[in-house]
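Asks: Hey, dropping input_8.tsv in here, TSV, C-alpha atoms:
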chain	number	residue	atom	x	y	z
A	1	MET	CA	41.23	193.89	105.10
A	2	PHE	CA	41.06	196.63	102.50
A	3	LYS	CA	43.79	198.84	103.93
A	4	ASN	CA	47.21	199.22	102.37
A	5	LYS	CA	48.79	196.87	104.91
A	6	PHE	CA	48.51	193.23	103.86
A	7	SER	CA	48.15	191.06	106.96
A	8	THR	CA	50.10	187.86	107.53
A	9	SER	CA	46.88	185.87	107.86
A	10	ASN	CA	45.64	187.18	104.50
A	11	TYR	CA	48.89	186.24	102.86
A	12	LYS	CA	48.81	182.72	104.30
A	13	LYS	CA	45.17	182.14	103.39
A	14	TYR	CA	45.52	183.29	99.78
A	15	SER	CA	49.18	182.36	99.24
A	16	LYS	CA	48.54	179.73	96.57
A	17	GLN	CA	46.90	182.31	94.30
A	18	ILE	CA	49.14	185.21	95.27
A	19	ILE	CA	52.26	183.35	94.12
A	20	LEU	CA	50.84	183.02	90.60
A	21	LYS	CA	52.46	185.20	87.96
A	22	LYS	CA	50.30	188.17	86.93
A	23	PHE	CA	48.36	187.80	90.21
A	24	GLY	CA	50.41	188.73	93.29
A	25	ILE	CA	49.38	190.93	96.18
A	26	ILE	CA	48.16	193.64	93.79
A	27	GLY	CA	45.74	191.18	92.23
A	28	GLN	CA	44.57	189.99	95.63
A	29	LYS	CA	43.89	193.56	96.72
A	30	LYS	CA	41.76	194.03	93.59
A	31	ILE	CA	39.76	190.97	94.62
A	32	PHE	CA	39.35	192.34	98.15
A	33	SER	CA	37.97	195.57	96.68
A	34	SER	CA	35.66	193.97	94.11
A	35	LYS	CA	31.88	194.39	94.21
A	36	ILE	CA	29.99	191.43	92.77
A	37	LEU	CA	26.25	190.73	92.59
A	38	ILE	CA	24.81	187.24	92.03
A	39	ILE	CA	21.22	186.99	90.85
A	40	GLY	CA	19.79	183.55	91.51
A	41	MET	CA	21.09	181.26	94.26
A	42	GLY	CA	20.29	177.98	92.54
A	43	GLY	CA	22.47	175.45	90.76
A	44	LEU	CA	24.70	178.18	89.28
A	45	GLY	CA	24.70	180.67	92.14
A	46	CYS	CA	25.77	178.10	94.75
A	47	PRO	CA	29.17	177.10	93.27
A	48	LEU	CA	29.69	180.64	91.99
A	49	SER	CA	29.29	182.14	95.47
A	50	ILE	CA	31.50	179.48	97.07
A	51	TYR	CA	34.40	180.19	94.73
A	52	LEU	CA	34.04	183.96	94.92
A	53	ALA	CA	34.12	183.76	98.71
A	54	SER	CA	37.12	181.42	98.54
A	55	LEU	CA	38.96	183.86	96.25
A	56	GLY	CA	38.52	186.59	98.85
A	57	VAL	CA	35.94	188.80	97.11
A	58	GLY	CA	35.35	191.68	99.49
A	59	ASN	CA	31.81	192.76	98.63
A	60	LEU	CA	29.14	190.30	97.54
A	61	GLY	CA	25.40	190.62	97.05
A	62	ILE	CA	23.08	187.65	96.53
A	63	VAL	CA	19.52	187.90	95.20
A	64	ASP	CA	16.78	185.25	95.41
A	65	ASN	CA	13.25	185.08	96.78
A	66	ASP	CA	12.87	181.30	96.72
A	67	LYS	CA	12.89	178.82	99.58
A	68	VAL	CA	14.83	175.55	99.55
A	69	GLU	CA	12.86	172.65	98.11
A	70	LEU	CA	13.64	168.94	98.06
A	71	SER	CA	14.17	168.96	94.28
A	72	ASN	CA	16.93	171.57	94.71
A	73	LEU	CA	19.21	169.38	96.78
A	74	ASN	CA	20.69	167.27	93.97
A	75	ARG	CA	22.55	170.26	92.50
A	76	GLN	CA	22.31	173.32	94.79
A	77	ILE	CA	25.30	172.47	96.93
A	78	LEU	CA	24.93	175.10	99.65
A	79	TYR	CA	21.77	173.50	101.02
A	80	THR	CA	20.91	170.32	102.92
A	81	GLN	CA	17.76	168.49	103.98
A	82	LYS	CA	17.73	170.54	107.19
A	83	ASP	CA	17.30	173.73	105.11
A	84	LEU	CA	13.99	172.74	103.48
A	85	GLY	CA	11.48	175.60	103.66
A	86	LYS	CA	14.13	178.20	104.52
A	87	PHE	CA	14.96	181.17	102.30
A	88	LYS	CA	17.94	180.37	100.10
A	89	VAL	CA	19.69	183.71	100.67
A	90	GLU	CA	19.52	183.30	104.45
A	91	VAL	CA	21.00	179.80	104.35
A	92	ALA	CA	23.59	180.87	101.77
A	93	ARG	CA	24.70	183.82	103.91
A	94	LYS	CA	25.58	181.54	106.82
A	95	ARG	CA	27.51	179.09	104.64
A	96	ILE	CA	29.39	181.80	102.70
A	97	LYS	CA	30.38	183.61	105.91
A	98	LYS	CA	31.94	180.37	107.17
A	99	ILE	CA	34.13	180.29	104.07
A	100	ASN	CA	35.09	183.97	104.27
A	101	THR	CA	34.41	185.61	107.63
A	102	LYS	CA	35.59	189.02	106.40
A	103	ILE	CA	33.34	189.26	103.37
A	104	ASN	CA	30.85	192.13	103.24
A	105	LEU	CA	27.74	190.17	102.28
A	106	ASN	CA	24.31	191.63	101.51
A	107	ILE	CA	21.23	189.54	100.84
A	108	TYR	CA	18.18	190.57	98.84
A	109	LYS	CA	15.14	188.41	99.49
A	110	LEU	CA	13.25	189.44	96.37
A	111	LYS	CA	12.88	188.97	92.64
A	112	ILE	CA	14.59	191.51	90.40
A	113	ASP	CA	12.12	193.75	88.57
A	114	LYS	CA	12.00	197.17	86.93
A	115	LYS	CA	11.17	198.86	90.25
A	116	ASN	CA	14.08	197.56	92.35
A	117	ILE	CA	16.84	196.85	89.83
A	118	ASN	CA	18.42	200.30	89.89
A	119	LYS	CA	18.67	200.48	93.68
A	120	ILE	CA	20.26	197.03	93.96
A	121	PHE	CA	22.61	197.13	90.97
A	122	SER	CA	24.04	200.58	91.73
A	123	ASN	CA	26.28	199.15	94.48
A	124	TYR	CA	28.02	196.58	92.28
A	125	ASP	CA	30.44	196.58	89.33
A	126	ILE	CA	30.10	193.00	88.04
A	127	ILE	CA	26.68	191.38	87.71
A	128	CYS	CA	26.38	187.58	87.56
A	129	ASP	CA	23.14	186.27	86.12
A	130	GLY	CA	22.12	182.79	87.20
A	131	THR	CA	18.38	183.17	86.64
A	132	ASP	CA	16.29	180.52	84.93
A	133	ASN	CA	13.94	182.59	82.77
A	134	PHE	CA	14.33	184.84	79.73
A	135	GLU	CA	12.26	187.68	81.15
A	136	SER	CA	14.77	188.22	83.95
A	137	ARG	CA	17.78	187.73	81.67
A	138	LEU	CA	16.60	190.36	79.22
A	139	LEU	CA	15.78	192.82	82.01
A	140	ILE	CA	19.23	192.32	83.56
A	141	ASN	CA	20.88	192.67	80.14
A	142	ASP	CA	19.07	195.90	79.31
A	143	PHE	CA	19.91	197.54	82.64
A	144	CYS	CA	23.56	196.48	82.61
A	145	LEU	CA	23.88	197.93	79.10
A	146	LYS	CA	22.38	201.27	80.14
A	147	GLN	CA	24.60	201.48	83.24
A	148	ASN	CA	27.82	200.23	81.56
A	149	LYS	CA	28.13	197.26	83.90
A	150	VAL	CA	29.98	194.01	83.26
A	151	LEU	CA	27.49	191.14	82.92
A	152	ILE	CA	28.55	187.51	83.25
A	153	SER	CA	25.66	185.20	82.49
A	154	ALA	CA	25.30	181.42	82.47
A	155	ALA	CA	22.50	179.06	81.53
A	156	VAL	CA	22.07	175.28	81.73
A	157	SER	CA	19.54	172.85	80.35
A	158	GLY	CA	19.71	169.09	80.00
A	159	PHE	CA	23.33	168.22	79.20
A	160	ASP	CA	24.34	171.61	77.75
A	161	GLY	CA	25.54	174.90	79.19
A	162	HIS	CA	26.25	178.41	77.89
A	163	LEU	CA	28.48	181.15	79.32
A	164	PHE	CA	28.32	184.79	78.22
A	165	LYS	CA	30.34	187.87	79.12
A	166	PHE	CA	29.24	191.36	78.18
A	167	ASN	CA	31.55	194.24	79.07
A	168	PHE	CA	29.19	197.11	78.45
A	169	LYS	CA	31.95	199.64	79.00
A	170	LYS	CA	32.65	198.82	75.34
A	171	LYS	CA	30.45	199.00	72.24
A	172	ILE	CA	29.56	195.33	71.81
A	173	PRO	CA	26.51	193.18	70.99
A	174	CYS	CA	24.15	192.51	73.90
A	175	TYR	CA	22.10	189.49	74.96
A	176	ARG	CA	19.13	190.79	72.95
A	177	CYS	CA	21.25	190.56	69.80
A	178	PHE	CA	21.44	186.83	70.56
A	179	MET	CA	17.89	186.43	71.95
A	180	PRO	CA	15.76	189.43	70.83
A	181	GLU	CA	12.52	188.36	72.49
A	182	ILE	CA	11.22	185.93	75.08
A	183	PRO	CA	10.71	182.57	73.32
A	184	GLU	CA	7.37	180.81	73.51
A	185	ILE	CA	8.95	177.84	75.28
A	186	ASN	CA	11.21	178.62	78.24
A	187	TYR	CA	13.92	175.95	78.22
A	188	ASN	CA	15.34	175.57	81.72
A	189	CYS	CA	15.93	173.03	84.48
A	190	GLU	CA	12.24	172.87	85.36
A	191	THR	CA	11.11	171.97	81.84
A	192	GLU	CA	14.13	170.10	80.46
A	193	GLY	CA	15.89	168.76	83.53
A	194	VAL	CA	19.63	169.08	84.18
A	195	ILE	CA	22.52	166.99	85.46
A	196	PRO	CA	24.11	168.27	88.71
A	197	PRO	CA	27.75	168.37	87.49
A	198	LEU	CA	26.73	170.72	84.67
A	199	THR	CA	25.49	173.40	87.06
A	200	GLY	CA	28.73	173.08	89.02
A	201	ILE	CA	30.85	173.42	85.89
A	202	LEU	CA	29.01	176.50	84.58
A	203	GLY	CA	28.85	178.17	87.99
A	204	THR	CA	32.59	177.61	88.37
A	205	LEU	CA	33.22	179.00	84.89
A	206	GLN	CA	31.26	182.10	85.90
A	207	ALA	CA	33.53	182.50	88.92
A	208	ASN	CA	36.58	182.10	86.72
A	209	GLU	CA	35.32	184.79	84.34
A	210	VAL	CA	34.68	187.11	87.29
A	211	LEU	CA	38.32	186.60	88.27
A	212	ASN	CA	39.47	187.26	84.69
A	213	THR	CA	37.48	190.51	84.73
A	214	ILE	CA	38.86	191.69	88.08
A	215	LEU	CA	42.45	190.99	87.00
A	216	ASP	CA	41.96	192.37	83.47
A	217	PHE	CA	42.76	189.04	81.81
A	218	ASN	CA	41.52	188.67	78.24
A	219	SER	CA	39.58	185.40	77.97
A	220	ASP	CA	38.47	186.18	74.41
A	221	LEU	CA	34.83	185.83	75.46
A	222	GLU	CA	33.59	189.31	74.59
A	223	SER	CA	31.20	189.26	71.60
A	224	LYS	CA	31.29	185.47	71.87
A	225	PHE	CA	29.77	182.84	74.10
A	226	LEU	CA	31.07	179.53	75.38
A	227	ILE	CA	29.10	176.35	74.71
A	228	PHE	CA	29.70	173.19	76.72
A	229	ASP	CA	28.35	169.79	75.70
A	230	SER	CA	28.74	167.58	78.76
A	231	LYS	CA	28.00	164.32	76.92
A	232	LYS	CA	30.78	164.83	74.39
A	233	MET	CA	32.97	166.79	76.84
A	234	ASN	CA	33.29	169.46	74.18
A	235	PHE	CA	33.86	173.21	74.59
A	236	ARG	CA	33.46	175.62	71.71
A	237	LYS	CA	32.95	179.35	71.20
A	238	ALA	CA	30.48	181.06	68.91
A	239	LYS	CA	30.27	184.70	67.85
A	240	ILE	CA	27.44	187.01	68.84
A	241	LEU	CA	26.78	189.40	65.98
A	242	LYS	CA	25.18	192.81	66.33
A	243	ASN	CA	21.53	192.67	65.40
A	244	LYS	CA	20.50	195.77	63.45
A	245	ASN	CA	16.97	195.31	64.77
A	246	CYS	CA	18.04	195.14	68.43
A	247	ILE	CA	15.90	197.52	70.50
A	248	ASN	CA	19.01	198.52	72.47
A	249	LYS	CA	20.67	199.79	69.26
A	250	CYS	CA	24.02	198.24	70.23
Taking this structure as input, can you express it in the form of structure tokens?
Replies:
Amino acid sequence: MFKNKFSTSNYKKYSKQIILKKFGIIGQKKIFSSKILIIGMGGLGCPLSIYLASLGVGNLGIVDNDKVELSNLNRQILYTQKDLGKFKVEVARKRIKKINTKINLNIYKLKIDKKNINKIFSNYDIICDGTDNFESRLLINDFCLKQNKVLISAAVSGFDGHLFKFNFKKKIPCYRCFMPEIPEINYNCETEGVIPPLTGILGTLQANEVLNTILDFNSDLESKFLIFDSKKMNFRKAKILKNKNCINKC
């Protein structure tokens, strides 16, 4: 799949994206060679992984230590009632492989922490954060900054969603410039609730930003973040300014 020869079956499968201007076979080969890591296989990670597999991403890692629960099923679209009690990454692997049989897929049945983050992240170029707590988000941010990774992060709560992109190959503000410390109240799906379409929209936007990154498209998201209000159907962007007190000294 990753050789210079482009097979007829590959061309047929991905023809509708290959025929796009500024995409072509060269763009598809970049997708085949990409190395993407998804942290969190919940409401964001499920649609994100589906679309990355559908695009033809060649190397994908998925990280999660949770098992499927009944309350997950309204929005975590990879899982069904038959999967209750099973590890999410194991169920997800089977479903993703059905979408893309040629994908090189690694699963990590654990929670990211300071001890394992280096070993896992070293194999990937683009990191997608779909976690639901600030402790993990800040840890992921700090490591991606130190290792010059591209970080694409999304968060949802209630009727609102946020999308961030940090290309740490450049000198830009980081997530700590936006959120310096862990807040006293952790706003997430567990505490605030969430509507299922919102997780699908933000997970899909993450996938789209991964594609933009692979193909070197400028989405004008660096040093900004995208805010989506699902009730008003309103998208807007806001700047992230460098914080002179940021511990990462961006």
Asks: When distances are computed from all atoms listed in the file, which of A:Leu44, A:Leu52, A:Met233, A:Ile96 shows the smallest separation from Thr199 (chain A)?
Replies: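 Selected residue with least distance to Thr199 (chain A): A:Leu44.
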Asks: Which is closer to Asn106 (chain A) than all the others in A:Lys171, A:Lys12, A:Arg93, A:Lys165, using all atoms listed in the file?
Replies: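 Closest to Asn106 (chain A) of all the choices is A:Arg93.
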Asks: Determine the nearest neighbour of Ser219 (chain A) from the options A:Lys16, A:Arg176, A:Lys237, A:Lys88, counting only C-alpha atoms.
Replies: A:Lys237
Asks: Build an axis-aligned box that encloses every atom of region 233-248 of chain A listed in the file, pad it by 6 Å on each side, and report its centre and edge lengths in Å to one decimal, as JSON.
Replies:
{"center_x": 24.9, "center_y": 182.7, "center_z": 70.1, "size_x": 30.0, "size_y": 43.7, "size_z": 25.4}
Asks: Considering all atoms listed in the file, can you say which of A:Ser153, A:Ser34, A:Thr191, A:Asn148 comes closest to Tyr124 (chain A)?
Replies: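 Going through A:Ser153, A:Ser34, A:Thr191, A:Asn148 one by one, the smallest distance to Tyr124 (chain A) is for A:Ser34.
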Asks: Between A:Lys86, A:Lys102, A:Lys30, A:Lys21, which has the minimum distance to Val68 (chain A) (counting all atoms listed in the file)?
Replies: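 For Val68 (chain A), the nearest of the candidates is A:Lys86.
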Asks: May I ask which of the residues A:Leu241, A:Ile120, A:Leu73, A:Ile38 is the closest one to Gln206 (chain A), counting only C-alpha atoms?
Replies: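 Counting only C-alpha atoms, the residue closest to Gln206 (chain A) is A:Ile38.
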Asks: Sorted by chain and rising residue number, list the residues of region 123-178 of chain A at most 10 Å from region 59-62 of chain A (counting all atoms listed in the file), each with its closest atom pair and distance in Å to one decimal, as a Markdown table.
Replies:
| residue | atom | partner | partner_atom | distance |
| --- | --- | --- | --- | --- |
| A:Asn123 | CA | A:Gly61 | CA | 9.0 |
| A:Tyr124 | CA | A:Gly61 | CA | 8.1 |
| A:Ile126 | CA | A:Leu60 | CA | 9.9 |
| A:Ile127 | CA | A:Gly61 | CA | 9.5 |
| A:Cys128 | CA | A:Ile62 | CA | 9.6 |
Asks: Store the residues of this selection in a file with C-alpha atoms, as a PDB file, in the frame of the given file.
Replies:
ATOM      1  CA  ASN A 123      26.280 199.150  94.480  1.00  0.00           C
ATOM      2  CA  TYR A 124      28.020 196.580  92.280  1.00  0.00           C
ATOM      3  CA  ILE A 126      30.100 193.000  88.040  1.00  0.00           C
ATOM      4  CA  ILE A 127      26.680 191.380  87.710  1.00  0.00           C
ATOM      5  CA  CYS A 128      26.380 187.580  87.560  1.00  0.00           C
TER       6      CYS A 128
END
Asks: CA of Gly203 (chain A) to CA of Asp64 (chain A): how many Å, to one decimal?
Replies: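 Between CA of Gly203 (chain A) and CA of Asp64 (chain A) the gap works out to 15.8 Å.
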Asks: May I have the residues within 10 Å of Ile117 (chain A) as a PDB file with C-alpha atoms, in the coordinates of the input, using all atoms listed in the file and disregarding those fewer than 3 positions away in the same chain?
Replies:
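Once written, out-v4.pdb looks like this:
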ATOM      1  CA  LYS A 111      12.880 188.970  92.640  1.00  0.00           C
ATOM      2  CA  ILE A 112      14.590 191.510  90.400  1.00  0.00           C
ATOM      3  CA  ASP A 113      12.120 193.750  88.570  1.00  0.00           C
ATOM      4  CA  LYS A 114      12.000 197.170  86.930  1.00  0.00           C
ATOM      5  CA  ILE A 120      20.260 197.030  93.960  1.00  0.00           C
ATOM      6  CA  PHE A 121      22.610 197.130  90.970  1.00  0.00           C
ATOM      7  CA  SER A 122      24.040 200.580  91.730  1.00  0.00           C
ATOM      8  CA  LEU A 139      15.780 192.820  82.010  1.00  0.00           C
ATOM      9  CA  ILE A 140      19.230 192.320  83.560  1.00  0.00           C
ATOM     10  CA  PHE A 143      19.910 197.540  82.640  1.00  0.00           C
ATOM     11  CA  CYS A 144      23.560 196.480  82.610  1.00  0.00           C
TER      12      CYS A 144
END
Asks: Can you list, as a list in words, every protein, DNA or RNA residue that comes within 12 Å of region 17-20 of chain A when you count all atoms listed in the file, leaving out same-chain residues fewer than 4 positions away?
Replies: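 Non-adjacent residues within range: Phe6, Asn10, Tyr11, Lys12, Lys13, Gly24, Ile25, Ile26, Gly27, Gln28, Lys29, Lys30, Ile31, Ser54, Leu55, Gly56 and Leu211 of chain A.
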Asks: Within 12 Å of Met179 (chain A), counting all atoms listed in the file, which residues qualify if same-chain residues fewer than 2 places away don't, as a PyMOL selection string?
Replies: chain A and resi 134-135+137-138+141+173-177+181-183+240-243+245-247
Asks: CA of Gly85 (chain A) to CA of Ser136 (chain A): how many Å, to one decimal?
Replies: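 So the answer is 23.6 Å.
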Asks: Which polymer residues have any atom within 6 Å of an atom of Gln76 (chain A), counting all atoms listed in the file, with same-chain residues fewer than 4 positions away left out, as a list in words?
Replies: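 So, after excluding close chain neighbours, the residues are Gly42, Gly43, Cys46 and Asn72 of chain A.
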Asks: Tell me which protein, DNA and RNA residues are within 9 Å of region 154-159 of chain A, counting all atoms listed in the file, leaving out same-chain ones fewer than 6 positions away, and put them as an mmCIF file with C-alpha atoms, in the coordinates of the input.
Replies:
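Saved the output as around16.cif:
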data_model
loop_
_atom_site.group_PDB
_atom_site.id
_atom_site.type_symbol
_atom_site.label_atom_id
_atom_site.label_comp_id
_atom_site.auth_asym_id
_atom_site.auth_seq_id
_atom_site.Cartn_x
_atom_site.Cartn_y
_atom_site.Cartn_z
ATOM 1 C CA LEU A 44 24.700 178.180 89.280
ATOM 2 C CA CYS A 128 26.380 187.580 87.560
ATOM 3 C CA ASP A 129 23.140 186.270 86.120
ATOM 4 C CA GLY A 130 22.120 182.790 87.200
ATOM 5 C CA THR A 131 18.380 183.170 86.640
ATOM 6 C CA ASP A 132 16.290 180.520 84.930
ATOM 7 C CA LYS A 165 30.340 187.870 79.120
ATOM 8 C CA TYR A 187 13.920 175.950 78.220
ATOM 9 C CA ASN A 188 15.340 175.570 81.720
ATOM 10 C CA CYS A 189 15.930 173.030 84.480
ATOM 11 C CA GLU A 190 12.240 172.870 85.360
ATOM 12 C CA THR A 191 11.110 171.970 81.840
ATOM 13 C CA GLU A 192 14.130 170.100 80.460
ATOM 14 C CA GLY A 193 15.890 168.760 83.530
ATOM 15 C CA VAL A 194 19.630 169.080 84.180
ATOM 16 C CA ILE A 195 22.520 166.990 85.460
ATOM 17 C CA LEU A 198 26.730 170.720 84.670
ATOM 18 C CA THR A 199 25.490 173.400 87.060
ATOM 19 C CA LEU A 202 29.010 176.500 84.580
ATOM 20 C CA GLY A 203 28.850 178.170 87.990
ATOM 21 C CA LEU A 205 33.220 179.000 84.890
ATOM 22 C CA GLN A 206 31.260 182.100 85.900
ATOM 23 C CA PHE A 228 29.700 173.190 76.720
ATOM 24 C CA ASP A 229 28.350 169.790 75.700
ATOM 25 C CA SER A 230 28.740 167.580 78.760
ATOM 26 C CA LYS A 231 28.000 164.320 76.920
#
